[in-house]
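Visitor: Quick one: this structure, given as structure tokens, is what I'll be asking you about.
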Amino acid sequence: MLETKKLPRMKVVDARRQESIGKTVRICGWVRTRRDSKGGFSFLEINDGSTIKNIQVLADSALPNYASEILTLGIGGSVEVVGDIVPSPGAGQATEIKAATVRIFGTADATQYPLQKKGTSFEFLRSIAHLRPRTNTFGAVARVRNEICRSIHHFYQSRGFLYVHTPIITASDCEGAGEMFRVTTLDLMNLPRKDETGSAIDFEKDFFGKATNLTVSGQLEGECFATALTDIYTFGPTFRAENSNTTRHLAEFWMIEPEMAFCDLEGNMDIAEEFLKTLFSDVLNNCSQDMEFFAERIDSTVIETLSAIVKSKFVRLSYTEAIKILESSGERFEFPVSWGIDLQSEHERYLTEKKFKCPVILTDYPADIKAFYMRLSDDGRTVRAMDVLVPKIGEIIGGSQREERLDILESRMKAQQLNPADYWWYLDLRRYGTVPHAGFGLGLERTVQFVTGMGNIRDVIPFPRTPGSADF
Ligand code: 4AD
Ligand code: MG
């Protein structure tokens, strides 16, 4: 065994390449299946997560541990195989490994191991989220998610955007929606009170000397850097305590938030559109086998949908125009449509799936339903907001041009019951050398969901956090 350690370990993805034929290699991984032939040998299908495809290992009965160990191997067992890569006569693979040694790290008792060969439901797999990365689907999701993250950084880095780390613990509520998780070290059984009557909690006694929460967005801090360094992006976890038990909401999710100085809403839309198309084409080009798997097993339309979007031009239309379309659509919506309503997912889906059959960028929403920081238009009742909507998911990006005028920003805050004094530092960006600027937030999980066709957002993040559930 010792001498095998000298061989560098080769990934299964590389061992499967035609160019590897003739090499002596060492691979490590987990058994997916074992088939025994009457001819006195066994086939092991091994996977190490580097590709959706397995490598076939031919284990001859002449191997010293054939009867004692190899014939006990089943799904989930972990092995190291040293051998020569030879052309494979079997269909669907160019190569296989003729094993010189098979060393077993660990077996997995078939009567106990929950991942047996039969297809298991995604719901069941959520209850064993520690083991689901070993399945084809979750391996493919992890690789596609990784590719999207690589592509995100490459997209911004290649355009000179700086990656800025914004805080996870904050004292402000960027979206003003109050959907925040409290961060505290106060003793919940014995809360300090402000006065004898004991009504208000005294957060001055808390760890940070004030009430703090997990961030819902890195945007406000991102703006501090954009108004100094011009083009920045953040990419980190965000937290929302909204009690939404849907297939598109998580309590903890990842968001990418570019922020651009000297940029208006049109520039913002251009970047958002180019950004999404780049992510989609990178996944199509760099994860083709995983995408074929999703097309075969999850949603037969994913590849054609993404390919069409990459070549398409997104529809851009105002909220007001969208309302008119919805009102005259003849559709029966659960939530009735009128100017001023917050669009529901059924409305967004009608626009993207039935009316335009492509991504739609909706702009210029009513000021009353959007956050305080969005730039007020001359009509006094709409803001320069933009939401990018895609089929099946609905909103994938939310963004806006920002209000750069101090007085208007202050009055918008007051109108939304926010105290401008709490945001003094954010207002300083307008007080000193203010500039037009804009940005948006892309939800990473909704992106992975859209690209893979996975039906539930809980299945595109390693360990989902949702109301009533924070396991693992
Ligand atoms: O539209 P949102 O709330 O926008 C912001 O947070 C802005 N501060 C962004 C900015 O302008 N810099 O969220 C942005 C995106 C949504 O379009 C959606 O894709 C995703 O974040 N998102 C969620 N994803 C999963 N679960 C949730 N609960 C989400 N809430 C928002
Ligand atoms: Mg939004």
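In the structure tokens, chains take the letters A, B, ... in the order shown, each chain's residues start at 1, and ligands count up from 1 in the order shown.
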As a quick test: using only C-alpha atoms and all ligand atoms, which residues lie no more than 7 Å away from ligand 1? Give them as a ChimeraX atom specification.
Guide: /A:174-175,216-219,240,242,248-253,255,257-259,387,395-400,439-446
Visitor: Atoms to include: N, CA and C atoms. Write the selected residues as a short mmCIF file (atom, residue, chain, number, x, y, z; two decimals), in the first residue's frame.
Guide:
```
data_model
loop_
_atom_site.label_atom_id
_atom_site.label_comp_id
_atom_site.auth_asym_id
_atom_site.auth_seq_id
_atom_site.Cartn_x
_atom_site.Cartn_y
_atom_site.Cartn_z
N CYS A 174 -32.00 48.03 5.77
CA CYS A 174 -31.88 48.57 4.41
C CYS A 174 -33.21 48.61 3.69
N GLU A 175 -33.98 47.55 3.78
CA GLU A 175 -35.22 47.51 3.01
C GLU A 175 -36.38 48.17 3.74
N VAL A 216 -30.16 42.54 6.09
CA VAL A 216 -31.05 42.09 5.02
C VAL A 216 -30.46 42.41 3.65
N SER A 217 -29.38 43.21 3.63
CA SER A 217 -28.78 43.64 2.37
C SER A 217 -27.50 44.41 2.68
N GLY A 218 -26.50 44.28 1.82
CA GLY A 218 -25.25 45.03 2.01
C GLY A 218 -25.25 46.37 1.28
N GLN A 219 -26.42 46.73 0.74
CA GLN A 219 -26.45 47.88 -0.17
C GLN A 219 -26.00 49.20 0.44
N ARG A 240 -33.49 37.21 6.19
CA ARG A 240 -34.81 37.84 6.26
C ARG A 240 -35.76 36.99 7.08
N GLU A 242 -38.85 36.90 7.18
CA GLU A 242 -40.22 36.96 6.65
C GLU A 242 -40.80 35.56 6.72
N ARG A 248 -39.71 29.81 -3.13
CA ARG A 248 -38.75 30.82 -3.59
C ARG A 248 -38.18 31.68 -2.47
N HIS A 249 -38.49 31.33 -1.22
CA HIS A 249 -38.00 32.14 -0.09
C HIS A 249 -37.17 31.32 0.88
N LEU A 250 -36.06 31.93 1.30
CA LEU A 250 -35.23 31.37 2.36
C LEU A 250 -35.06 32.45 3.42
N ALA A 251 -34.79 32.03 4.66
CA ALA A 251 -34.51 33.01 5.71
C ALA A 251 -33.04 33.43 5.65
N GLU A 252 -32.20 32.58 5.09
CA GLU A 252 -30.78 32.90 4.88
C GLU A 252 -30.47 32.60 3.43
N PHE A 253 -30.06 33.62 2.69
CA PHE A 253 -29.74 33.41 1.28
C PHE A 253 -28.56 34.30 0.91
N MET A 255 -26.66 37.02 -1.66
CA MET A 255 -27.02 38.06 -2.61
C MET A 255 -25.76 38.72 -3.18
N GLU A 257 -24.61 42.19 -4.91
CA GLU A 257 -25.11 43.56 -5.05
C GLU A 257 -24.05 44.48 -5.65
N PRO A 258 -24.10 44.67 -6.97
CA PRO A 258 -23.23 45.67 -7.57
C PRO A 258 -23.79 47.06 -7.32
N GLU A 259 -22.91 48.04 -7.18
CA GLU A 259 -23.33 49.43 -7.01
C GLU A 259 -22.40 50.29 -7.85
N ASP A 387 -37.19 45.74 -11.43
CA ASP A 387 -37.18 44.34 -11.02
C ASP A 387 -36.98 43.53 -12.29
N GLU A 395 -39.45 37.37 -9.62
CA GLU A 395 -38.37 38.34 -9.39
C GLU A 395 -37.05 37.64 -9.07
N ILE A 396 -36.04 37.94 -9.86
CA ILE A 396 -34.70 37.37 -9.61
C ILE A 396 -33.74 38.49 -9.21
N ILE A 397 -34.02 39.71 -9.69
CA ILE A 397 -33.21 40.90 -9.36
C ILE A 397 -34.15 42.01 -8.93
N GLY A 398 -33.73 42.73 -7.86
CA GLY A 398 -34.41 43.97 -7.49
C GLY A 398 -33.36 45.06 -7.40
N GLY A 399 -33.64 46.22 -7.96
CA GLY A 399 -32.64 47.30 -7.90
C GLY A 399 -33.25 48.63 -8.21
N SER A 400 -32.41 49.65 -8.30
CA SER A 400 -32.92 51.00 -8.60
C SER A 400 -31.77 51.96 -8.85
N GLY A 439 -27.77 50.57 -8.53
CA GLY A 439 -27.30 49.21 -8.25
C GLY A 439 -28.47 48.26 -8.15
N PHE A 440 -28.15 47.01 -7.91
CA PHE A 440 -29.22 46.01 -7.78
C PHE A 440 -28.73 44.83 -6.97
N GLY A 441 -29.67 43.96 -6.62
CA GLY A 441 -29.34 42.73 -5.89
C GLY A 441 -29.85 41.53 -6.66
N LEU A 442 -28.97 40.56 -6.87
CA LEU A 442 -29.38 39.30 -7.51
C LEU A 442 -29.39 38.22 -6.43
N GLY A 443 -30.49 37.51 -6.33
CA GLY A 443 -30.56 36.39 -5.38
C GLY A 443 -29.84 35.18 -5.96
N LEU A 444 -28.80 34.72 -5.25
CA LEU A 444 -28.02 33.59 -5.78
C LEU A 444 -28.87 32.33 -5.92
N GLU A 445 -29.64 32.02 -4.88
CA GLU A 445 -30.40 30.76 -4.92
C GLU A 445 -31.48 30.78 -5.99
N ARG A 446 -32.13 31.95 -6.18
CA ARG A 446 -33.13 32.00 -7.26
C ARG A 446 -32.44 31.80 -8.61
#
```
Visitor: From range 202-371 of chain A, collect each residue whose DSSP state is helix (DSSP H, G or I) and return the set as an MDAnalysis selection string.
Guide: chainID A and resid 203:205 219:229 265:286 288:297 302:311 319:327 345:355 367:369
Visitor: Which neighbours of range 131-147 of chain A fall inside 7 Å, counting only C-alpha atoms, when residues of the same chain fewer than 3 positions from it are skipped, and could you give them as a PDB file with all heavy atoms, in the first residue's frame?
Guide:
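Below you can see selection_37.pdb, which holds the result:
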```pdb
ATOM      1  N   GLY A  49     -17.369  13.102  -7.081  1.00  0.00           N
ATOM      2  CA  GLY A  49     -17.983  14.434  -7.089  1.00  0.00           C
ATOM      3  C   GLY A  49     -17.386  15.394  -8.095  1.00  0.00           C
ATOM      4  O   GLY A  49     -17.878  16.511  -8.244  1.00  0.00           O
ATOM      5  N   ILE A  52     -20.609  14.407 -12.896  1.00  0.00           N
ATOM      6  CA  ILE A  52     -21.828  13.619 -12.681  1.00  0.00           C
ATOM      7  C   ILE A  52     -21.594  12.162 -13.082  1.00  0.00           C
ATOM      8  O   ILE A  52     -22.256  11.253 -12.605  1.00  0.00           O
ATOM      9  CB  ILE A  52     -22.999  14.238 -13.477  1.00  0.00           C
ATOM     10  CG1 ILE A  52     -24.333  13.564 -13.138  1.00  0.00           C
ATOM     11  CG2 ILE A  52     -22.789  14.176 -14.977  1.00  0.00           C
ATOM     12  CD1 ILE A  52     -25.277  14.472 -12.452  1.00  0.00           C
ATOM     13  N   LEU A 125     -34.857  13.792   1.148  1.00  0.00           N
ATOM     14  CA  LEU A 125     -33.440  14.154   1.138  1.00  0.00           C
ATOM     15  C   LEU A 125     -33.160  15.391   1.988  1.00  0.00           C
ATOM     16  O   LEU A 125     -32.076  15.535   2.550  1.00  0.00           O
ATOM     17  CB  LEU A 125     -32.950  14.370  -0.299  1.00  0.00           C
ATOM     18  CG  LEU A 125     -32.848  13.085  -1.134  1.00  0.00           C
ATOM     19  CD1 LEU A 125     -32.536  13.399  -2.586  1.00  0.00           C
ATOM     20  CD2 LEU A 125     -31.776  12.145  -0.562  1.00  0.00           C
ATOM     21  N   ILE A 128     -32.127  14.480   5.331  1.00  0.00           N
ATOM     22  CA  ILE A 128     -30.764  13.954   5.438  1.00  0.00           C
ATOM     23  C   ILE A 128     -29.822  14.839   4.611  1.00  0.00           C
ATOM     24  O   ILE A 128     -29.052  14.363   3.780  1.00  0.00           O
ATOM     25  CB  ILE A 128     -30.657  12.466   5.008  1.00  0.00           C
ATOM     26  CG1 ILE A 128     -31.294  12.249   3.628  1.00  0.00           C
ATOM     27  CG2 ILE A 128     -31.271  11.537   6.038  1.00  0.00           C
ATOM     28  CD1 ILE A 128     -30.883  10.915   2.994  1.00  0.00           C
ATOM     29  N   ARG A 150     -18.216  31.429  -9.496  1.00  0.00           N
ATOM     30  CA  ARG A 150     -16.974  31.745 -10.217  1.00  0.00           C
ATOM     31  C   ARG A 150     -17.262  32.795 -11.280  1.00  0.00           C
ATOM     32  O   ARG A 150     -16.543  33.785 -11.424  1.00  0.00           O
ATOM     33  CB  ARG A 150     -16.425  30.472 -10.878  1.00  0.00           C
ATOM     34  CG  ARG A 150     -15.047  30.653 -11.518  1.00  0.00           C
ATOM     35  CD  ARG A 150     -14.815  29.685 -12.673  1.00  0.00           C
ATOM     36  NE  ARG A 150     -15.774  29.852 -13.755  1.00  0.00           N
ATOM     37  CZ  ARG A 150     -15.781  30.859 -14.627  1.00  0.00           C
ATOM     38  NH1 ARG A 150     -14.864  31.806 -14.577  1.00  0.00           N
ATOM     39  NH2 ARG A 150     -16.720  30.949 -15.555  1.00  0.00           N
ATOM     40  N   SER A 151     -18.341  32.579 -12.028  1.00  0.00           N
ATOM     41  CA  SER A 151     -18.699  33.473 -13.116  1.00  0.00           C
ATOM     42  C   SER A 151     -19.055  34.871 -12.601  1.00  0.00           C
ATOM     43  O   SER A 151     -18.724  35.881 -13.235  1.00  0.00           O
ATOM     44  CB  SER A 151     -19.869  32.849 -13.884  1.00  0.00           C
ATOM     45  OG  SER A 151     -20.325  33.702 -14.886  1.00  0.00           O
ATOM     46  N   VAL A 283     -22.597  28.791 -17.515  1.00  0.00           N
ATOM     47  CA  VAL A 283     -23.079  27.489 -17.030  1.00  0.00           C
ATOM     48  C   VAL A 283     -23.284  26.533 -18.210  1.00  0.00           C
ATOM     49  O   VAL A 283     -22.880  25.371 -18.163  1.00  0.00           O
ATOM     50  CB  VAL A 283     -24.380  27.636 -16.214  1.00  0.00           C
ATOM     51  CG1 VAL A 283     -24.993  26.276 -15.916  1.00  0.00           C
ATOM     52  CG2 VAL A 283     -24.109  28.377 -14.916  1.00  0.00           C
ATOM     53  N   CYS A 287     -20.700  23.623 -17.660  1.00  0.00           N
ATOM     54  CA  CYS A 287     -21.363  22.548 -16.887  1.00  0.00           C
ATOM     55  C   CYS A 287     -22.283  21.754 -17.805  1.00  0.00           C
ATOM     56  O   CYS A 287     -23.417  21.430 -17.429  1.00  0.00           O
ATOM     57  CB  CYS A 287     -22.186  23.139 -15.745  1.00  0.00           C
ATOM     58  SG  CYS A 287     -21.247  24.048 -14.532  1.00  0.00           S
ATOM     59  N   ASP A 290     -23.737  18.385 -16.424  1.00  0.00           N
ATOM     60  CA  ASP A 290     -24.715  18.596 -15.355  1.00  0.00           C
ATOM     61  C   ASP A 290     -26.011  19.153 -15.931  1.00  0.00           C
ATOM     62  O   ASP A 290     -27.105  18.764 -15.516  1.00  0.00           O
ATOM     63  CB  ASP A 290     -24.153  19.544 -14.288  1.00  0.00           C
ATOM     64  CG  ASP A 290     -23.045  18.885 -13.470  1.00  0.00           C
ATOM     65  OD1 ASP A 290     -23.177  17.675 -13.180  1.00  0.00           O
ATOM     66  OD2 ASP A 290     -22.060  19.562 -13.138  1.00  0.00           O
ATOM     67  N   VAL A 448     -29.680  29.933  -9.129  1.00  0.00           N
ATOM     68  CA  VAL A 448     -29.361  28.505  -9.250  1.00  0.00           C
ATOM     69  C   VAL A 448     -30.638  27.726  -9.576  1.00  0.00           C
ATOM     70  O   VAL A 448     -30.646  26.821 -10.416  1.00  0.00           O
ATOM     71  CB  VAL A 448     -28.724  27.957  -7.945  1.00  0.00           C
ATOM     72  CG1 VAL A 448     -28.390  26.477  -8.098  1.00  0.00           C
ATOM     73  CG2 VAL A 448     -27.473  28.742  -7.578  1.00  0.00           C
ATOM     74  N   VAL A 460     -31.405  24.082  -3.529  1.00  0.00           N
ATOM     75  CA  VAL A 460     -30.264  24.642  -4.257  1.00  0.00           C
ATOM     76  C   VAL A 460     -29.291  25.349  -3.316  1.00  0.00           C
ATOM     77  O   VAL A 460     -28.341  25.981  -3.759  1.00  0.00           O
ATOM     78  CB  VAL A 460     -30.693  25.599  -5.395  1.00  0.00           C
ATOM     79  CG1 VAL A 460     -31.502  24.845  -6.439  1.00  0.00           C
ATOM     80  CG2 VAL A 460     -31.460  26.790  -4.862  1.00  0.00           C
TER      81      VAL A 460
END
```
Visitor: Between CA of Asp14 in chain A and CA of Trp30 in chain A, what is the spacing in Å?
Guide: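 A separation of 16.2 Å between them.
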Visitor: Within range 159-229 of chain A, find each residue whose DSSP state, derived from the backbone, is strand (DSSP E or B), and express the selection as a ChimeraX atom specification.
Guide: /A:162-163,169-170,182-183,193,201,212-214
Visitor: Next, dump the selected residues to file, keeping only C-alpha atoms, as a compact mmCIF listing (two decimals), in the first residue's frame.
Guide:
```
# COMPACT_ATOMS: atom_id res chain seq x y z
CA LEU A 162 -13.99 46.00 -6.48
CA TYR A 163 -15.28 43.22 -4.24
CA ILE A 169 -24.30 42.49 11.86
CA THR A 170 -25.85 45.93 11.43
CA ARG A 182 -32.22 40.29 16.26
CA VAL A 183 -28.59 39.87 17.31
CA ARG A 193 -35.64 47.72 31.05
CA ILE A 201 -35.95 47.07 26.60
CA THR A 212 -28.64 45.17 16.16
CA ASN A 213 -29.75 42.61 13.62
CA LEU A 214 -28.48 40.37 10.85
```
Visitor: Could you tell me how far CA of Tyr156 in chain A lies from CA of Phe235 in chain A, in Å and to one decimal?
Guide: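 Atom-to-atom, CA of Tyr156 in chain A to CA of Phe235 in chain A, that is 10.9 Å.
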Visitor: Name all residues at most 9 Å from range 62-74 of chain A (count only C-alpha atoms; drop same-chain ones fewer than 4 positions away) and give them as a PDB file with N, CA and C atoms, in the first residue's frame.
Guide:
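part25.pdb was written with the following content:
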```
ATOM      1  N   VAL A  31     -18.422   4.243  -3.853  1.00  0.00           N
ATOM      2  CA  VAL A  31     -19.030   3.272  -4.764  1.00  0.00           C
ATOM      3  C   VAL A  31     -20.477   3.669  -5.026  1.00  0.00           C
ATOM      4  N   ARG A  32     -20.844   3.682  -6.310  1.00  0.00           N
ATOM      5  CA  ARG A  32     -22.255   3.924  -6.661  1.00  0.00           C
ATOM      6  C   ARG A  32     -22.958   2.595  -6.936  1.00  0.00           C
ATOM      7  N   THR A  33     -22.266   1.678  -7.600  1.00  0.00           N
ATOM      8  CA  THR A  33     -22.839   0.340  -7.794  1.00  0.00           C
ATOM      9  C   THR A  33     -21.708  -0.686  -7.902  1.00  0.00           C
ATOM     10  N   ARG A  34     -22.053  -1.932  -7.644  1.00  0.00           N
ATOM     11  CA  ARG A  34     -21.134  -3.047  -7.924  1.00  0.00           C
ATOM     12  C   ARG A  34     -21.913  -4.095  -8.695  1.00  0.00           C
ATOM     13  N   ASP A  36     -21.321  -7.985 -10.325  1.00  0.00           N
ATOM     14  CA  ASP A  36     -20.391  -9.112 -10.398  1.00  0.00           C
ATOM     15  C   ASP A  36     -20.678  -9.915 -11.659  1.00  0.00           C
ATOM     16  N   GLY A  40     -15.733 -14.060 -13.328  1.00  0.00           N
ATOM     17  CA  GLY A  40     -14.721 -13.960 -12.275  1.00  0.00           C
ATOM     18  C   GLY A  40     -14.145 -12.572 -12.100  1.00  0.00           C
ATOM     19  N   PHE A  41     -14.976 -11.570 -12.235  1.00  0.00           N
ATOM     20  CA  PHE A  41     -14.541 -10.204 -11.934  1.00  0.00           C
ATOM     21  C   PHE A  41     -15.772  -9.367 -11.594  1.00  0.00           C
ATOM     22  N   SER A  42     -15.521  -8.153 -11.076  1.00  0.00           N
ATOM     23  CA  SER A  42     -16.629  -7.251 -10.730  1.00  0.00           C
ATOM     24  C   SER A  42     -16.384  -5.886 -11.344  1.00  0.00           C
ATOM     25  N   LEU A  44     -16.982  -1.944 -10.529  1.00  0.00           N
ATOM     26  CA  LEU A  44     -17.364  -0.950  -9.516  1.00  0.00           C
ATOM     27  C   LEU A  44     -17.549   0.380 -10.243  1.00  0.00           C
ATOM     28  N   SER A  78     -16.367   3.557   0.576  1.00  0.00           N
ATOM     29  CA  SER A  78     -15.325   4.476   0.085  1.00  0.00           C
ATOM     30  C   SER A  78     -14.062   3.689  -0.218  1.00  0.00           C
ATOM     31  N   ALA A  99      -8.116  -2.462 -12.174  1.00  0.00           N
ATOM     32  CA  ALA A  99      -7.553  -2.267 -10.833  1.00  0.00           C
ATOM     33  C   ALA A  99      -6.374  -3.195 -10.564  1.00  0.00           C
ATOM     34  N   ALA A 100      -5.288  -2.610 -10.050  1.00  0.00           N
ATOM     35  CA  ALA A 100      -4.180  -3.411  -9.528  1.00  0.00           C
ATOM     36  C   ALA A 100      -4.371  -3.620  -8.028  1.00  0.00           C
ATOM     37  N   THR A 101      -4.902  -2.570  -7.363  1.00  0.00           N
ATOM     38  CA  THR A 101      -5.270  -2.712  -5.950  1.00  0.00           C
ATOM     39  C   THR A 101      -6.576  -1.960  -5.708  1.00  0.00           C
ATOM     40  N   VAL A 102      -7.379  -2.485  -4.833  1.00  0.00           N
ATOM     41  CA  VAL A 102      -8.574  -1.778  -4.356  1.00  0.00           C
ATOM     42  C   VAL A 102      -8.484  -1.771  -2.843  1.00  0.00           C
ATOM     43  N   ARG A 103      -8.367  -0.583  -2.294  1.00  0.00           N
ATOM     44  CA  ARG A 103      -8.267  -0.478  -0.838  1.00  0.00           C
ATOM     45  C   ARG A 103      -9.567   0.133  -0.327  1.00  0.00           C
ATOM     46  N   ILE A 104     -10.094  -0.436   0.714  1.00  0.00           N
ATOM     47  CA  ILE A 104     -11.380   0.047   1.232  1.00  0.00           C
ATOM     48  C   ILE A 104     -11.148   0.911   2.465  1.00  0.00           C
ATOM     49  N   THR A 107     -16.975   0.858   4.706  1.00  0.00           N
ATOM     50  CA  THR A 107     -18.158   0.304   4.053  1.00  0.00           C
ATOM     51  C   THR A 107     -19.388   1.042   4.573  1.00  0.00           C
ATOM     52  N   ALA A 108     -20.526   0.864   3.894  1.00  0.00           N
ATOM     53  CA  ALA A 108     -21.783   1.477   4.325  1.00  0.00           C
ATOM     54  C   ALA A 108     -22.834   0.378   4.353  1.00  0.00           C
ATOM     55  N   ASP A 109     -23.274   0.050   5.531  1.00  0.00           N
ATOM     56  CA  ASP A 109     -24.212  -1.046   5.722  1.00  0.00           C
ATOM     57  C   ASP A 109     -25.510  -0.798   4.943  1.00  0.00           C
ATOM     58  N   ALA A 110     -25.772  -1.673   3.977  1.00  0.00           N
ATOM     59  CA  ALA A 110     -26.915  -1.482   3.080  1.00  0.00           C
ATOM     60  C   ALA A 110     -28.248  -1.516   3.826  1.00  0.00           C
TER      61      ALA A 110
END
```
Visitor: What are the closest atom pairs, with distances in Å to one decimal, for all residues of range 428-457 of chain A lying within 10 Å of range 306-313 of chain A? Consider only C-alpha atoms, order rows by chain and residue number, and present the result as a tab-separated table.
Guide:
```
residue	atom	partner	partner_atom	distance
A:Phe450	CA	A:Leu306	CA	9.0
A:Val451	CA	A:Leu306	CA	7.2
A:Thr452	CA	A:Leu306	CA	9.8
```
